[in-house]
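What follows is target.txt (compact mmCIF, C-alpha atoms).
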# COMPACT_ATOMS: atom_id res chain seq x y z
CA MET A 1 18.08 -49.37 1.36
CA SER A 2 21.57 -48.75 2.72
CA ARG A 3 22.41 -46.76 -0.42
CA SER A 4 19.72 -44.14 0.11
CA ALA A 5 20.86 -43.65 3.70
CA GLY A 6 24.27 -42.48 2.46
CA GLN A 7 23.52 -38.79 1.92
CA PRO A 8 26.73 -37.43 0.31
CA GLN A 9 28.76 -35.61 2.92
CA PRO A 10 30.77 -32.51 2.02
CA ALA A 11 34.20 -33.56 0.89
CA PRO A 12 36.36 -30.39 0.72
CA GLU A 13 39.51 -32.24 -0.27
CA PHE A 14 37.91 -33.38 -3.52
CA ARG A 15 37.03 -29.90 -4.68
CA ALA A 16 40.54 -29.21 -5.95
CA PRO A 17 40.21 -31.68 -8.88
CA ILE A 18 36.91 -30.05 -9.86
CA ALA A 19 38.49 -26.61 -9.75
CA ALA A 20 41.42 -27.94 -11.79
CA VAL A 21 39.07 -29.26 -14.46
CA LEU A 22 37.29 -25.92 -14.60
CA THR A 23 40.63 -24.13 -14.98
CA GLU A 24 42.19 -26.45 -17.55
CA ARG A 25 39.16 -27.56 -19.52
CA GLY A 26 36.69 -24.74 -18.83
CA GLY A 27 35.95 -24.29 -22.54
CA GLN A 28 35.08 -27.95 -23.01
CA VAL A 29 32.89 -27.95 -19.88
CA LEU A 30 30.96 -24.92 -21.15
CA ASP A 31 30.57 -26.46 -24.62
CA GLY A 32 29.37 -29.73 -23.10
CA TRP A 33 27.00 -27.88 -20.78
CA VAL A 34 25.38 -25.84 -23.54
CA GLU A 35 25.17 -28.87 -25.83
CA ARG A 36 23.49 -31.06 -23.21
CA SER A 37 21.17 -28.31 -21.95
CA ALA A 38 19.89 -27.79 -25.50
CA LEU A 39 18.14 -31.17 -25.16
CA LEU A 40 16.49 -30.19 -21.87
CA THR A 41 15.59 -26.54 -22.33
CA SER A 42 14.33 -24.33 -25.15
CA SER A 43 16.73 -23.20 -27.87
CA SER A 44 16.69 -19.61 -26.62
CA GLY A 45 17.56 -21.01 -23.18
CA ALA A 46 20.67 -22.68 -24.60
CA ASP A 47 21.68 -19.40 -26.26
CA ASP A 48 21.25 -17.63 -22.93
CA LEU A 49 23.36 -20.27 -21.27
CA ARG A 50 26.18 -19.93 -23.80
CA ARG A 51 26.28 -16.21 -22.99
CA ASP A 52 26.06 -16.53 -19.19
CA GLY A 53 27.62 -19.95 -18.60
CA GLY A 54 31.20 -18.69 -18.66
CA ALA A 55 30.57 -16.28 -15.78
CA VAL A 56 28.85 -19.05 -13.80
CA LEU A 57 31.80 -21.41 -14.28
CA ASP A 58 34.28 -18.66 -13.31
CA ALA A 59 32.30 -17.96 -10.14
CA LEU A 60 32.14 -21.68 -9.37
CA ARG A 61 35.89 -22.02 -9.79
CA ALA A 62 36.46 -19.07 -7.46
CA ALA A 63 34.09 -20.62 -4.88
CA LEU A 64 35.92 -23.98 -5.10
CA GLY A 65 39.24 -22.23 -4.60
CA GLU A 66 38.16 -20.83 -1.23
CA SER A 67 39.40 -22.66 1.85
CA GLY A 68 37.04 -23.86 4.58
CA ASP A 69 34.67 -26.78 4.98
CA GLU A 70 31.52 -24.97 3.90
CA LEU A 71 31.36 -24.25 0.20
CA ASP A 72 30.04 -20.71 -0.38
CA LEU A 73 27.96 -20.89 -3.55
CA GLY A 74 26.35 -17.46 -2.98
CA ALA A 75 27.88 -15.75 -6.03
CA VAL A 76 27.16 -18.73 -8.30
CA SER A 77 23.59 -18.99 -7.03
CA ARG A 78 23.00 -15.29 -7.68
CA LEU A 79 24.13 -15.67 -11.30
CA LEU A 80 21.95 -18.73 -11.75
CA SER A 81 19.00 -16.98 -10.05
CA ASP A 82 19.26 -14.16 -12.57
CA PHE A 83 19.38 -16.78 -15.30
CA SER A 84 16.30 -18.62 -13.92
CA ALA A 85 14.36 -15.39 -13.44
CA ARG A 86 15.08 -14.41 -17.06
CA ARG A 87 14.06 -17.82 -18.30
CA THR A 88 10.83 -17.64 -16.25
CA ARG A 89 9.94 -14.36 -17.90
CA SER A 90 10.67 -15.92 -21.30
CA GLY A 91 8.05 -18.54 -20.50
CA ASP A 92 10.20 -21.59 -19.73
CA ARG A 93 8.78 -24.27 -17.49
CA PRO A 94 10.54 -24.94 -14.15
CA ALA A 95 11.67 -28.36 -15.40
CA GLN A 96 13.39 -26.71 -18.38
CA THR A 97 15.21 -24.20 -16.18
CA ALA A 98 16.28 -26.82 -13.67
CA GLY A 99 17.27 -29.08 -16.55
CA ALA A 100 19.56 -26.42 -17.95
CA VAL A 101 21.33 -26.21 -14.59
CA LEU A 102 21.46 -29.97 -14.08
CA ALA A 103 23.06 -30.41 -17.50
CA LEU A 104 26.19 -28.98 -15.87
CA ARG A 105 26.62 -32.25 -13.96
CA GLU A 106 26.86 -34.33 -17.13
CA ALA A 107 29.27 -31.84 -18.65
CA LEU A 108 31.47 -31.81 -15.54
CA LEU A 109 31.44 -35.62 -15.22
CA ALA A 110 32.39 -36.06 -18.86
CA GLU A 111 35.53 -33.96 -18.30
CA LEU A 112 36.27 -35.43 -14.84
CA ALA A 113 36.17 -38.92 -16.36
CA VAL A 114 39.28 -38.26 -18.45
CA THR A 115 41.37 -36.31 -15.91
CA GLY A 116 42.80 -36.78 -12.44
CA ASP A 117 43.55 -39.89 -10.38
CA PRO A 118 41.27 -42.81 -11.35
CA GLU A 119 41.20 -43.87 -7.67
CA ASP A 120 39.48 -40.66 -6.61
CA ARG A 121 37.12 -40.32 -9.54
CA PHE A 122 34.06 -41.73 -7.83
CA THR A 123 34.33 -39.44 -4.80
CA VAL A 124 35.14 -36.41 -6.94
CA ALA A 125 32.16 -37.17 -9.16
CA ARG A 126 29.92 -37.49 -6.11
CA GLU A 127 31.12 -34.11 -4.82
CA ALA A 128 30.54 -32.54 -8.25
CA GLY A 129 27.03 -34.00 -8.34
CA ARG A 130 26.31 -32.65 -4.87
CA ILE A 131 27.40 -29.14 -5.85
CA VAL A 132 25.31 -29.12 -9.04
CA ASP A 133 22.26 -30.44 -7.16
CA GLN A 134 22.62 -27.61 -4.68
CA LEU A 135 22.77 -25.08 -7.54
CA ALA A 136 19.72 -26.62 -9.22
CA LEU A 137 17.74 -26.38 -5.97
CA GLY A 138 18.79 -22.74 -5.67
CA SER A 139 17.60 -21.97 -9.18
CA PHE A 140 14.28 -23.68 -8.40
CA ASP A 141 13.93 -21.40 -5.37
CA ALA A 142 14.61 -18.40 -7.58
CA PHE A 143 12.02 -19.64 -10.05
CA LEU A 144 9.40 -19.88 -7.29
CA ALA A 145 10.34 -16.42 -5.99
CA GLY A 146 9.76 -15.04 -9.49
CA ARG A 147 6.33 -16.69 -9.62
CA GLU A 148 5.52 -15.44 -6.14
CA GLU A 149 6.22 -11.88 -7.26
CA VAL A 150 3.83 -12.22 -10.20
CA ILE A 151 1.12 -13.61 -7.90
CA THR A 152 1.58 -10.74 -5.43
CA GLN A 153 1.22 -8.18 -8.21
CA GLN A 154 -1.93 -9.87 -9.43
CA GLY A 155 -3.27 -9.90 -5.88
CA GLU A 156 -2.87 -6.16 -5.59
CA GLN A 157 -4.78 -5.38 -8.77
CA PRO A 158 -8.23 -6.54 -7.53
CA LEU A 159 -7.65 -4.41 -4.44
CA GLU A 160 -7.73 -1.30 -6.61
CA LEU A 161 -10.38 -2.62 -8.96
CA SER A 162 -12.78 -3.59 -6.18
CA THR A 163 -12.94 -0.14 -4.58
CA PRO A 164 -14.30 2.32 -7.14
CA VAL A 165 -15.62 5.71 -6.11
CA VAL A 166 -18.22 7.08 -8.49
CA ARG A 167 -19.83 10.47 -8.83
CA VAL A 168 -23.57 9.73 -8.75
CA TRP A 169 -24.98 13.26 -8.64
CA ASP A 170 -23.74 16.80 -8.69
CA ARG A 171 -21.52 17.03 -5.58
CA VAL A 172 -22.41 13.51 -4.44
CA VAL A 173 -19.91 10.63 -4.58
CA ALA A 174 -20.60 7.00 -3.72
CA ALA A 175 -18.35 4.06 -2.91
CA PRO A 176 -20.13 0.74 -3.45
CA LEU A 177 -18.13 -1.76 -1.42
CA VAL A 178 -18.09 -5.40 -2.52
CA GLY A 179 -16.38 -8.14 -0.54
CA THR A 180 -14.81 -8.39 2.86
CA LEU A 181 -13.53 -5.13 4.25
CA ASP A 182 -10.11 -5.79 5.78
CA SER A 183 -7.66 -3.17 7.00
CA ALA A 184 -5.81 -2.89 3.69
CA ARG A 185 -9.00 -2.40 1.69
CA ALA A 186 -10.51 -0.05 4.26
CA GLN A 187 -7.41 2.13 3.89
CA VAL A 188 -7.73 2.15 0.09
CA VAL A 189 -11.45 2.95 0.33
CA MET A 190 -10.81 5.83 2.72
CA GLU A 191 -8.06 7.30 0.57
CA SER A 192 -9.98 7.09 -2.70
CA LEU A 193 -13.20 8.38 -1.14
CA LEU A 194 -11.45 11.41 0.40
CA GLN A 195 -9.59 12.08 -2.84
CA ALA A 196 -12.89 11.94 -4.74
CA ILE A 197 -14.43 14.40 -2.28
CA ALA A 198 -11.53 16.79 -2.81
CA ASP A 199 -11.58 16.38 -6.60
CA ASP A 200 -15.35 16.72 -7.08
CA GLY A 201 -15.97 19.15 -4.24
CA ALA A 202 -18.53 16.68 -2.92
CA LEU A 203 -20.94 17.69 -0.16
CA VAL A 204 -22.14 14.15 0.48
CA ALA A 205 -20.31 10.82 0.36
CA ILE A 206 -22.29 7.57 0.33
CA LEU A 207 -20.66 4.41 1.64
CA ASP A 208 -22.75 1.51 0.34
CA ILE A 209 -22.05 -1.77 2.12
CA THR A 210 -24.69 -3.88 0.35
CA GLY A 211 -21.92 -6.10 -1.00
CA VAL A 212 -20.11 -6.51 2.32
CA PRO A 213 -21.07 -9.95 3.65
CA THR A 214 -20.26 -9.47 7.33
CA VAL A 215 -19.83 -6.42 9.52
CA ASP A 216 -17.88 -7.22 12.66
CA THR A 217 -16.39 -4.81 15.19
CA LEU A 218 -13.25 -4.36 13.09
CA VAL A 219 -15.18 -3.48 9.93
CA ALA A 220 -17.39 -1.12 11.96
CA GLN A 221 -14.22 0.51 13.29
CA HIS A 222 -13.06 1.10 9.70
CA LEU A 223 -16.46 2.53 8.76
CA LEU A 224 -16.42 4.92 11.71
CA LYS A 225 -12.91 6.10 10.81
CA THR A 226 -13.95 6.73 7.23
CA VAL A 227 -17.02 8.65 8.36
CA ALA A 228 -14.91 10.76 10.75
CA ALA A 229 -12.36 11.55 8.01
CA THR A 230 -15.16 12.47 5.61
CA ARG A 231 -16.60 14.84 8.17
CA LEU A 232 -13.18 16.45 8.63
CA MET A 233 -13.14 17.16 4.91
CA GLY A 234 -16.43 19.00 5.37
CA ALA A 235 -18.69 16.45 3.68
CA ASP A 236 -21.58 14.43 5.11
CA CYS A 237 -21.21 10.67 5.03
CA ILE A 238 -24.16 8.32 4.66
CA VAL A 239 -23.75 4.58 5.20
CA SER A 240 -26.29 2.61 3.20
CA GLY A 241 -27.14 -0.98 2.41
CA ILE A 242 -27.02 -2.52 5.86
CA ALA A 243 -28.89 -5.81 5.52
CA PRO A 244 -31.50 -6.59 8.22
CA GLN A 245 -29.45 -9.56 9.38
CA THR A 246 -26.31 -7.42 9.50
CA ALA A 247 -28.13 -4.74 11.49
CA GLN A 248 -29.19 -7.35 14.06
CA THR A 249 -25.65 -8.69 14.31
CA MET A 250 -24.29 -5.19 14.80
CA VAL A 251 -26.73 -4.47 17.59
CA GLN A 252 -25.89 -7.77 19.27
CA LEU A 253 -22.18 -6.96 19.02
CA GLY A 254 -22.86 -3.58 20.61
CA ILE A 255 -21.53 -1.64 17.63
CA ASP A 256 -22.62 1.97 18.02
CA LEU A 257 -23.29 3.74 14.74
CA SER A 258 -25.64 6.30 16.28
CA GLU A 259 -23.26 9.12 15.27
CA VAL A 260 -23.47 7.98 11.66
CA THR A 261 -26.27 8.74 9.23
CA THR A 262 -27.51 5.40 7.91
CA ARG A 263 -30.10 4.40 5.33
CA ALA A 264 -31.39 0.95 4.40
CA SER A 265 -30.81 1.23 0.67
CA LEU A 266 -28.56 3.12 -1.70
CA ALA A 267 -31.71 4.68 -3.25
CA ASP A 268 -32.76 6.16 0.12
CA ALA A 269 -29.24 7.45 0.70
CA LEU A 270 -29.15 9.03 -2.76
CA ALA A 271 -32.52 10.72 -2.20
CA MET A 272 -31.25 12.14 1.07
CA ALA A 273 -28.01 13.30 -0.57
CA ILE A 274 -29.87 15.02 -3.41
CA ALA A 275 -32.14 16.79 -0.93
CA ARG A 276 -29.08 17.93 1.00
CA VAL A 277 -27.35 19.24 -2.14
CA GLY A 278 -30.58 20.93 -3.23
CA ALA A 279 -30.91 22.69 0.15
CA HIS A 280 -27.30 23.81 -0.12
CA ALA A 281 -27.85 25.20 -3.63
CA ALA A 282 -31.00 27.03 -2.53
CA GLN A 283 -29.17 28.50 0.44
CA SER A 284 -26.32 29.53 -1.83
CA ALA A 285 -28.74 31.26 -4.23
CA ARG A 286 -30.39 33.21 -1.38
CA ALA A 287 -27.05 34.40 -0.01
CA MET B 1 7.84 32.44 11.01
CA THR B 2 5.43 35.17 10.01
CA ALA B 3 2.12 35.54 11.77
CA VAL B 4 -1.01 34.06 10.21
CA PRO B 5 -2.94 36.81 8.42
CA VAL B 6 -6.48 37.40 9.71
CA VAL B 7 -8.87 39.18 7.36
CA ARG B 8 -12.13 40.74 8.54
CA MET B 9 -15.13 40.68 6.19
CA ARG B 10 -18.30 42.18 7.71
CA ASP B 11 -19.04 39.93 10.69
CA ALA B 12 -16.66 37.17 9.63
CA LEU B 13 -12.96 36.63 10.29
CA VAL B 14 -10.90 34.57 7.83
CA ALA B 15 -7.54 33.14 8.88
CA ALA B 16 -5.45 31.10 6.42
CA MET B 17 -2.81 28.88 7.97
CA GLN B 18 0.42 28.56 6.03
CA GLU B 19 2.02 25.41 4.80
CA ASP B 20 4.43 24.96 7.70
CA ILE B 21 2.73 26.45 10.73
CA ASP B 22 4.63 25.90 13.98
CA ASP B 23 3.35 25.58 17.52
CA ARG B 24 4.15 29.12 18.62
CA THR B 25 2.50 30.68 15.56
CA ALA B 26 -0.60 28.55 16.16
CA LEU B 27 -0.84 29.67 19.78
CA GLU B 28 -0.29 33.26 18.74
CA LEU B 29 -3.10 32.88 16.18
CA ALA B 30 -5.43 31.51 18.87
CA ASP B 31 -4.74 34.55 21.08
CA ARG B 32 -5.16 37.02 18.25
CA LEU B 33 -8.40 35.44 16.96
CA ALA B 34 -9.94 35.58 20.43
CA GLY B 35 -8.98 39.26 20.66
CA GLU B 36 -10.35 40.10 17.21
CA VAL B 37 -13.63 38.26 17.82
CA ALA B 38 -14.12 40.17 21.05
CA ALA B 39 -13.05 43.52 19.56
CA HIS B 40 -15.20 43.39 16.43
CA GLY B 41 -18.06 41.21 17.63
CA ALA B 42 -17.47 38.72 14.80
CA ARG B 43 -20.11 36.03 14.35
CA LEU B 44 -18.13 33.69 12.08
CA VAL B 45 -14.53 32.52 12.08
CA LEU B 46 -13.26 30.61 9.06
CA LEU B 47 -9.97 28.78 9.57
CA ASP B 48 -8.54 27.82 6.18
CA VAL B 49 -6.05 24.96 6.52
CA SER B 50 -5.99 23.94 2.85
CA ALA B 51 -2.32 24.95 2.53
CA ALA B 52 -1.28 22.78 5.47
CA GLN B 53 0.28 19.48 4.42
CA VAL B 54 0.73 18.38 8.00
CA VAL B 55 -1.52 18.96 10.98
CA ASP B 56 -0.12 17.33 14.10
CA SER B 57 -1.82 16.59 17.40
CA PHE B 58 -0.74 19.89 18.94
CA ILE B 59 -2.09 22.01 16.08
CA SER B 60 -5.33 20.04 16.08
CA ARG B 61 -5.74 20.65 19.83
CA VAL B 62 -5.15 24.34 19.20
CA ILE B 63 -7.86 24.28 16.53
CA VAL B 64 -10.34 22.66 18.95
CA ALA B 65 -9.37 25.26 21.58
CA ILE B 66 -9.89 28.11 19.10
CA ALA B 67 -13.36 26.72 18.31
CA ARG B 68 -14.34 26.54 21.98
CA VAL B 69 -12.96 29.95 22.87
CA CYS B 70 -14.63 31.65 19.92
CA ARG B 71 -17.95 29.96 20.70
CA LEU B 72 -17.75 31.39 24.23
CA LEU B 73 -17.24 34.79 22.63
CA GLY B 74 -20.26 34.26 20.37
CA ALA B 75 -18.59 33.26 17.08
CA GLN B 76 -19.00 30.03 15.14
CA VAL B 77 -15.71 28.46 13.93
CA THR B 78 -15.53 26.44 10.71
CA VAL B 79 -12.33 24.65 9.66
CA VAL B 80 -12.07 24.80 5.90
CA GLY B 81 -10.20 22.67 3.37
CA ILE B 82 -8.67 19.81 5.33
CA ARG B 83 -6.73 17.70 2.82
CA PRO B 84 -7.43 13.96 2.42
CA ALA B 85 -4.02 12.99 3.79
CA VAL B 86 -4.45 15.30 6.78
CA ALA B 87 -7.95 13.93 7.44
CA ILE B 88 -6.62 10.35 7.45
CA THR B 89 -3.76 11.25 9.78
CA LEU B 90 -6.08 13.01 12.22
CA VAL B 91 -8.50 10.07 12.27
CA GLU B 92 -5.66 7.59 12.77
CA LEU B 93 -4.46 9.72 15.69
CA GLY B 94 -7.98 9.59 17.10
CA LEU B 95 -8.43 13.35 16.70
CA SER B 96 -11.71 13.95 14.91
CA LEU B 97 -12.04 17.64 15.91
CA ASP B 98 -15.29 16.92 17.76
CA GLY B 99 -17.58 19.89 17.99
CA VAL B 100 -15.81 21.81 15.24
CA ARG B 101 -17.64 22.55 12.00
CA THR B 102 -15.87 21.63 8.77
CA ALA B 103 -16.31 22.58 5.14
CA LEU B 104 -14.58 21.83 1.88
CA THR B 105 -14.35 25.42 0.66
CA ILE B 106 -14.92 28.87 2.12
CA ASP B 107 -17.90 29.19 -0.21
CA ASP B 108 -19.49 26.04 1.21
CA ALA B 109 -18.73 27.18 4.75
CA LEU B 110 -20.52 30.51 4.24
CA THR B 111 -23.50 28.78 2.61
CA ALA B 112 -23.80 26.23 5.41
CA LEU B 113 -23.47 28.90 8.09
CA GLY B 114 -26.07 31.09 6.40
CA ASN B 115 -28.42 28.12 6.69
CA GLY B 116 -27.56 27.60 10.33
CA ALA B 117 -29.09 24.15 10.64
CA SER B 118 -26.93 22.03 8.35
CA GLY B 119 -23.21 21.54 7.99
CA ASP B 120 -22.77 20.06 11.42
CA GLY B 121 -22.00 16.61 10.05
If you took the structure in this file and wrote it as structure tokens, what would it be?
Amino acid sequence: MSRSAGQPQPAPEFRAPIAAVLTERGGQVLDGWVERSALLTSSSGADDLRRDGGAVLDALRAALGESGDELDLGAVSRLLSDFSARRTRSGDRPAQTAGAVLALREALLAELAVTGDPEDRFTVAREAGRIVDQLALGSFDAFLAGREEVITQQGEQPLELSTPVVRVWDRVVAAPLVGTLDSARAQVVMESLLQAIADDGALVAILDITGVPTVDTLVAQHLLKTVAATRLMGADCIVSGIAPQTAQTMVQLGIDLSEVTTRASLADALAMAIARVGAHAAQSARA
Amino acid sequence: MTAVPVVRMRDALVAAMQEDIDDRTALELADRLAGEVAAHGARLVLLDVSAAQVVDSFISRVIVAIARVCRLLGAQVTVVGIRPAVAITLVELGLSLDGVRTALTIDDALTALGNGASGDG
């Protein structure tokens, strides 16, 4: 167990031999790296590595040449992050990407084994291993960040898909809401409803909440805001589809929708809207 | 900043706010509308804000004041053509222009006012 307790400590004095190997035998290290990575990653990954590996090794040598106890691998990590992100987009698995980076250790060790002072080889090799491990962890982070980005994008798509505004009658638009109404969605609903009113010249907007499972004070707040904005645009807003249970909850919570026109079902709301549009048309014809 | 033009059509006054109305122009408009309503006995005032990209809290207070003043003088004020973005901003600011009639277009405003009963939201 005593071996696992010995977490390799930074050993700045042993970086010089690694830098020397990179300077003197950089070509061999790169060749060895690409050759070994070909076994661990896809063939296109190895091609990528042959193209980008040189820059990575140059950056690593520059980082090793810096003085100071803490090794600054920022530039190297950035290059490898770009590499990982590209590989992720090409469809490589995380193990393949990490494998490509870890292959650098074998390549470095192979060259370190034939150079330098034999006395120091073990410590130098340990330092080299530590550096490569750090880089591999960094590339794994970059891989996850790439995934995270994809997930975020996918998360935003349903937001737009789940808030359609449809024209249901001449000068009547309806927004059937499905799912929980949080602040982000309420904002999207309000914007698309108002835009639809402006585009269609709607007189009546119906906000159907049949598909909204719970109406708490926050959701009611959003509804009231939407109704107020609709009124500012010069359209009437009808809220429909409040389930009996929801209505009871709202009353118990003390939510006041007395300023808002409400109907039990979308059909009732539509009938009311059509009557309103009809009255408007008749009025317009008389004028 | 040029003054907001006010057009008289029979018993209605139509004022169209420009894109970038400033506070002084808005106040000047409020004064002038009150004078015109009193002078001509106008029954309707249509305030077209469809050109305005931004309506801040001051302008919206002026609009509410115009509505109240004109009602005292016997004219009904309708604010016409508030843009979606402006409507959202006003609601977020908690300014819902209570007691002011609204309409999408001047046509709709005249129709609703001819009816008398509807259009109050």
Checklist entry - Given the choices A:Ala142, A:Ala273, A:Val260, A:Leu80, which gets closest to A:Leu102 if the distance is worked out from all atoms listed in the file? => result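 Comparing A:Ala142, A:Ala273, A:Val260, A:Leu80 against A:Leu102, the winner is A:Leu80.
The space separating atom CA of A:Thr261 from atom CA of A:Gly201 comes to 19.9 Å.
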Checklist entry - What lies within 10 Å of B:Arg10 using all atoms listed in the file, ignoring chain neighbours under 3 positions off, as a PyMOL selection string? => result chain B and resi 7+13+40-44
Item to check | chain B contacts on chain A, all atoms listed in the file, 7 Å, as number ranges by chain | outcome: A: 191, 194-195, 201, 225, 228-229, 231-236, 280, 283-284
Checklist entry - Can you list, as a list in words, every protein, DNA or RNA residue that comes within 10 Å of A:Val178 when you count only C-alpha atoms, leaving out same-chain residues fewer than 6 positions away? => result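 Contacts, with the query itself left out: Ser162, Thr163, Pro164, Asp208, Ile209, Thr210, Gly211, Val212 and Pro213 of chain A.
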Next on the checklist: Just to confirm, what's the straight-line distance from atom CA of A:Ser258 to atom CA of A:Leu203 in Å (one decimal)?
Outcome noted: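 Result for atom CA of A:Ser258 versus atom CA of A:Leu203: 20.5 Å, one decimal.
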Item to check | B:Ile63 surroundings by all atoms listed in the file, 12 Å radius, close-in-sequence under 3 positions cut, as number ranges by chain | outcome: B: 15, 17, 23, 26-31, 33, 45-49, 55-60, 66-70, 77-80, 95-102
Edge lengths and centre in Å to one decimal, as lines of an AutoDock Vina configuration file, of the axis-aligned box that encloses all listed atoms of stretch 85-93 of chain B with 8 Å added on every side?
center_x = -6.1
center_y = 11.4
center_z = 9.7
size_x = 20.7
size_y = 23.7
size_z = 27.9
